[in-house]
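Here is the structure we will look at.
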Amino acid sequence: MEWFSIVLSVLALVFMFWYFSTNRKSLEVGQSAPDFKLPDQHGQIRSLSDFRGQWLALYFYPKDDTPGCTKQACAFRDGLQQLSNLGAVVVGVSVDNTHSHADFAHKFQLQFPLLADTTAETAAHYRSLIDLGLFRFAKRNTFLIDPQGKIARMYLSASAKRNSSEVTEDLKTLQNQTLPS
């Protein structure tokens with residue numbers, strides 16, 4: 001019974017540390033997307049302004065080469081041409097390093113940037129970070145950012161399987177709403 005109390009106490013402390021160490025203020029549709037400057041899998045520094053004038057599907061994922069993250073990345077890969085035809089680019093972000101991203105992109109022929117947020121600052125700015133002290137990883141959240149740099153849609157706790165198709169359908173709807181009559 002004593003070990004149960006110890007485990008419960010440790011779990012409570014970890015939860016409290018995580019809860020109070022994350023910024024609880026959420027992002028909102030219509031607000032400017034937080035800026036970032038991060039290296040991709042080739043070492044090229046990418047920033048939000050690089051994508052100005054285009055739709056951006058910025059997706060955060062927990063870890064390279066894990067089952068759910070691979071499923072999500074491959075779904076974006078397979079839908080990349082359709083998203084490109086709609087004027088959108090796809091960018092993945094995790095706290096893994098550029099070497100891990102390069103291996104992941106090569107293994108699954110991912111033709112879009114994977115950004116290395118090794119300090120986890122960008123994930124935190126997008127309220128997409130789980131920080132357990134010794135372990136940090138990104139939440140599976142996606143942000144559809146319009147050509148002016150504003151958040152148009154948010155997919156919190158996104159489905160690895162459906163995220164790409166949801167972004168594509170919402171992008172079509174958004175573009176139809178903004179077409180002049």
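For the structure tokens, the naming scheme is as follows: chains receive sequential letters (A, B, ...) according to their order of presentation, residues are indexed from 1 within each chain, and ligands are indexed from 1 in presentation order.
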Each residue of segment 82-144 of chain A with at least one atom at most 6 Å from segment 37-48 of chain A should appear once, together with its nearest atom pair and the corresponding distance in Å (one decimal); atoms considered: only C-alpha atoms; ordering: chain, then increasing residue number; output as JSON lines.
{"residue": "A:Thr98", "atom": "CA", "partner": "A:Gln41", "partner_atom": "CA", "distance": 4.7}
{"residue": "A:His101", "atom": "CA", "partner": "A:Gln41", "partner_atom": "CA", "distance": 5.1}
{"residue": "A:Ala102", "atom": "CA", "partner": "A:Gln41", "partner_atom": "CA", "distance": 4.7}
{"residue": "A:Pro113", "atom": "CA", "partner": "A:Asp40", "partner_atom": "CA", "distance": 5.6}
{"residue": "A:Leu114", "atom": "CA", "partner": "A:Asp40", "partner_atom": "CA", "distance": 5.2}
{"residue": "A:Leu115", "atom": "CA", "partner": "A:Asp40", "partner_atom": "CA", "distance": 4.3}
{"residue": "A:Ala116", "atom": "CA", "partner": "A:Pro39", "partner_atom": "CA", "distance": 5.7}
Give me the residues within 12 Å of Pro67 of chain A as a list in words, counting only C-alpha atoms and dropping any in the same chain fewer than 5 places off.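 So, after excluding close chain neighbours, the residues are Tyr61, Pro62, Gln72, Ala73, Cys74, Phe104, Ala160 and Lys161 of chain A.
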Which one is closest to Arg153 of chain A: A:Gly92, A:Thr119, A:Trp55, A:Phe36? Count only C-alpha atoms.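 Selected residue with least distance to Arg153 of chain A: A:Trp55.
Taking only C-alpha atoms, the non-local environment of Gly87 of chain A within 9 Å (same-chain residues fewer than 4 positions away omitted) comprises Gln54, Trp55, Leu56, Gln82 and Leu83 of chain A.
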Take the residues from that selection and put them in a file with C-alpha atoms, as an mmCIF file, in the first residue's frame.
data_model
loop_
_atom_site.group_PDB
_atom_site.id
_atom_site.type_symbol
_atom_site.label_atom_id
_atom_site.label_comp_id
_atom_site.auth_asym_id
_atom_site.auth_seq_id
_atom_site.Cartn_x
_atom_site.Cartn_y
_atom_site.Cartn_z
ATOM 1 C CA GLN A 54 0.132 31.086 -49.030
ATOM 2 C CA TRP A 55 -2.075 28.934 -46.884
ATOM 3 C CA LEU A 56 -0.028 27.015 -44.323
ATOM 4 C CA GLN A 82 -4.151 18.404 -53.607
ATOM 5 C CA LEU A 83 -3.155 20.867 -50.888
#
Residue list (strand (DSSP E or B), DSSP) for segment 11-149 of chain A, as a PDB file with N, CA and C atoms, in the first residue's frame:
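As written to disk, states32.pdb reads:
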ATOM      1  N   SER A  32      -3.368  36.570 -35.079  1.00  0.00           N
ATOM      2  CA  SER A  32      -2.111  36.330 -35.793  1.00  0.00           C
ATOM      3  C   SER A  32      -1.435  35.086 -35.238  1.00  0.00           C
ATOM      4  N   LYS A  37      11.130  30.721 -35.975  1.00  0.00           N
ATOM      5  CA  LYS A  37      12.339  30.614 -36.786  1.00  0.00           C
ATOM      6  C   LYS A  37      13.013  29.318 -36.354  1.00  0.00           C
ATOM      7  N   LEU A  38      12.881  28.293 -37.197  1.00  0.00           N
ATOM      8  CA  LEU A  38      13.361  26.959 -36.849  1.00  0.00           C
ATOM      9  C   LEU A  38      14.046  26.314 -38.043  1.00  0.00           C
ATOM     10  N   PRO A  39      15.046  25.460 -37.797  1.00  0.00           N
ATOM     11  CA  PRO A  39      15.688  24.747 -38.904  1.00  0.00           C
ATOM     12  C   PRO A  39      14.834  23.556 -39.354  1.00  0.00           C
ATOM     13  N   ILE A  45      16.809  27.534 -42.219  1.00  0.00           N
ATOM     14  CA  ILE A  45      15.965  28.218 -41.245  1.00  0.00           C
ATOM     15  C   ILE A  45      14.672  28.659 -41.937  1.00  0.00           C
ATOM     16  N   ARG A  46      13.566  28.306 -41.335  1.00  0.00           N
ATOM     17  CA  ARG A  46      12.239  28.658 -41.853  1.00  0.00           C
ATOM     18  C   ARG A  46      11.530  29.522 -40.820  1.00  0.00           C
ATOM     19  N   SER A  47      10.772  30.488 -41.311  1.00  0.00           N
ATOM     20  CA  SER A  47       9.984  31.334 -40.413  1.00  0.00           C
ATOM     21  C   SER A  47       8.574  31.482 -40.977  1.00  0.00           C
ATOM     22  N   TRP A  55      -1.466  29.627 -48.012  1.00  0.00           N
ATOM     23  CA  TRP A  55      -2.075  28.934 -46.884  1.00  0.00           C
ATOM     24  C   TRP A  55      -1.015  28.010 -46.309  1.00  0.00           C
ATOM     25  N   LEU A  56      -1.009  27.851 -44.994  1.00  0.00           N
ATOM     26  CA  LEU A  56      -0.028  27.015 -44.323  1.00  0.00           C
ATOM     27  C   LEU A  56      -0.728  26.051 -43.382  1.00  0.00           C
ATOM     28  N   ALA A  57      -0.499  24.766 -43.592  1.00  0.00           N
ATOM     29  CA  ALA A  57      -0.953  23.741 -42.646  1.00  0.00           C
ATOM     30  C   ALA A  57       0.252  23.427 -41.769  1.00  0.00           C
ATOM     31  N   LEU A  58       0.272  24.016 -40.570  1.00  0.00           N
ATOM     32  CA  LEU A  58       1.363  23.847 -39.626  1.00  0.00           C
ATOM     33  C   LEU A  58       0.922  22.802 -38.610  1.00  0.00           C
ATOM     34  N   TYR A  59       1.541  21.626 -38.689  1.00  0.00           N
ATOM     35  CA  TYR A  59       1.093  20.564 -37.786  1.00  0.00           C
ATOM     36  C   TYR A  59       2.206  20.164 -36.821  1.00  0.00           C
ATOM     37  N   PHE A  60       1.815  20.051 -35.564  1.00  0.00           N
ATOM     38  CA  PHE A  60       2.711  19.620 -34.496  1.00  0.00           C
ATOM     39  C   PHE A  60       2.462  18.138 -34.243  1.00  0.00           C
ATOM     40  N   ALA A  88      -1.732  25.731 -50.762  1.00  0.00           N
ATOM     41  CA  ALA A  88      -1.276  25.512 -49.387  1.00  0.00           C
ATOM     42  C   ALA A  88       0.045  24.751 -49.357  1.00  0.00           C
ATOM     43  N   VAL A  89       0.795  25.015 -48.314  1.00  0.00           N
ATOM     44  CA  VAL A  89       2.005  24.251 -48.029  1.00  0.00           C
ATOM     45  C   VAL A  89       1.820  23.563 -46.681  1.00  0.00           C
ATOM     46  N   VAL A  90       2.544  22.481 -46.497  1.00  0.00           N
ATOM     47  CA  VAL A  90       2.483  21.701 -45.257  1.00  0.00           C
ATOM     48  C   VAL A  90       3.837  21.795 -44.575  1.00  0.00           C
ATOM     49  N   VAL A  91       3.812  22.002 -43.271  1.00  0.00           N
ATOM     50  CA  VAL A  91       5.034  22.029 -42.470  1.00  0.00           C
ATOM     51  C   VAL A  91       4.762  21.276 -41.171  1.00  0.00           C
ATOM     52  N   GLY A  92       5.622  20.306 -40.853  1.00  0.00           N
ATOM     53  CA  GLY A  92       5.519  19.570 -39.602  1.00  0.00           C
ATOM     54  C   GLY A  92       6.497  20.127 -38.577  1.00  0.00           C
ATOM     55  N   VAL A  93       6.140  20.038 -37.298  1.00  0.00           N
ATOM     56  CA  VAL A  93       6.999  20.525 -36.213  1.00  0.00           C
ATOM     57  C   VAL A  93       6.971  19.522 -35.070  1.00  0.00           C
ATOM     58  N   SER A  94       8.160  19.174 -34.575  1.00  0.00           N
ATOM     59  CA  SER A  94       8.257  18.409 -33.333  1.00  0.00           C
ATOM     60  C   SER A  94       9.518  18.866 -32.607  1.00  0.00           C
ATOM     61  N   LEU A 114      10.126  19.602 -42.205  1.00  0.00           N
ATOM     62  CA  LEU A 114       9.913  19.169 -40.826  1.00  0.00           C
ATOM     63  C   LEU A 114      10.827  20.052 -39.979  1.00  0.00           C
ATOM     64  N   LEU A 115      10.232  20.856 -39.121  1.00  0.00           N
ATOM     65  CA  LEU A 115      10.998  21.818 -38.342  1.00  0.00           C
ATOM     66  C   LEU A 115      11.391  21.248 -36.982  1.00  0.00           C
ATOM     67  N   ALA A 116      12.634  21.509 -36.601  1.00  0.00           N
ATOM     68  CA  ALA A 116      13.186  21.016 -35.343  1.00  0.00           C
ATOM     69  C   ALA A 116      13.046  22.095 -34.270  1.00  0.00           C
ATOM     70  N   LEU A 129       2.568  22.027 -26.422  1.00  0.00           N
ATOM     71  CA  LEU A 129       3.684  21.383 -25.740  1.00  0.00           C
ATOM     72  C   LEU A 129       3.201  20.662 -24.494  1.00  0.00           C
ATOM     73  N   ILE A 130       3.687  19.459 -24.343  1.00  0.00           N
ATOM     74  CA  ILE A 130       3.529  18.738 -23.082  1.00  0.00           C
ATOM     75  C   ILE A 130       4.929  18.668 -22.484  1.00  0.00           C
ATOM     76  N   ASP A 131       5.095  19.298 -21.329  1.00  0.00           N
ATOM     77  CA  ASP A 131       6.389  19.366 -20.671  1.00  0.00           C
ATOM     78  C   ASP A 131       6.283  18.670 -19.323  1.00  0.00           C
ATOM     79  N   ARG A 136       9.714  16.111 -22.898  1.00  0.00           N
ATOM     80  CA  ARG A 136       8.906  17.116 -23.581  1.00  0.00           C
ATOM     81  C   ARG A 136       8.553  16.582 -24.952  1.00  0.00           C
ATOM     82  N   PHE A 137       7.331  16.810 -25.344  1.00  0.00           N
ATOM     83  CA  PHE A 137       6.944  16.475 -26.700  1.00  0.00           C
ATOM     84  C   PHE A 137       5.775  17.346 -27.118  1.00  0.00           C
ATOM     85  N   ALA A 138       5.584  17.434 -28.418  1.00  0.00           N
ATOM     86  CA  ALA A 138       4.509  18.262 -28.959  1.00  0.00           C
ATOM     87  C   ALA A 138       3.197  17.501 -28.922  1.00  0.00           C
ATOM     88  N   THR A 142      -2.883  20.905 -35.117  1.00  0.00           N
ATOM     89  CA  THR A 142      -2.624  21.477 -36.432  1.00  0.00           C
ATOM     90  C   THR A 142      -3.297  22.837 -36.516  1.00  0.00           C
ATOM     91  N   PHE A 143      -2.612  23.750 -37.188  1.00  0.00           N
ATOM     92  CA  PHE A 143      -3.131  25.105 -37.374  1.00  0.00           C
ATOM     93  C   PHE A 143      -3.134  25.413 -38.862  1.00  0.00           C
ATOM     94  N   LEU A 144      -4.289  25.772 -39.376  1.00  0.00           N
ATOM     95  CA  LEU A 144      -4.399  26.214 -40.761  1.00  0.00           C
ATOM     96  C   LEU A 144      -4.296  27.735 -40.720  1.00  0.00           C
ATOM     97  N   ILE A 145      -3.249  28.248 -41.324  1.00  0.00           N
ATOM     98  CA  ILE A 145      -2.933  29.666 -41.268  1.00  0.00           C
ATOM     99  C   ILE A 145      -3.174  30.271 -42.641  1.00  0.00           C
TER     100      ILE A 145
END
Long-range neighbours of Gln31 of chain A as a VMD selection string, 10 Å cut-off, only C-alpha atoms, 6 positions minimum in chain: chain A and resid 145 149 to 152
Residue contacts of Gln111 of chain A (9 Å, only C-alpha atoms) excluding same-chain residues fewer than 5 positions away, as a list of chain:residue names: A:Arg77, A:Leu80, A:Ala105, A:His106
Can you tell me which residues surround Asp96 of chain A at a distance of at most 8 Å, considering only C-alpha atoms, apart from same-chain residues fewer than 3 positions away, and format the answer as a compact mmCIF listing (two decimals) with C-alpha atoms, in the first residue's frame?
# COMPACT_ATOMS: atom_id res chain seq x y z
CA LYS A 63 7.84 12.07 -32.27
CA ASP A 64 9.48 11.08 -35.55
CA SER A 100 15.99 12.72 -36.69
CA HIS A 101 13.78 14.74 -39.05
CA ALA A 116 13.19 21.02 -35.34
CA ASP A 117 11.83 22.82 -32.29
CA THR A 118 14.52 21.47 -29.95
Separation of atom CA of Ser84 of chain A from atom CA of Lys172 of chain A in Å: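 So the answer is 11.9 Å.
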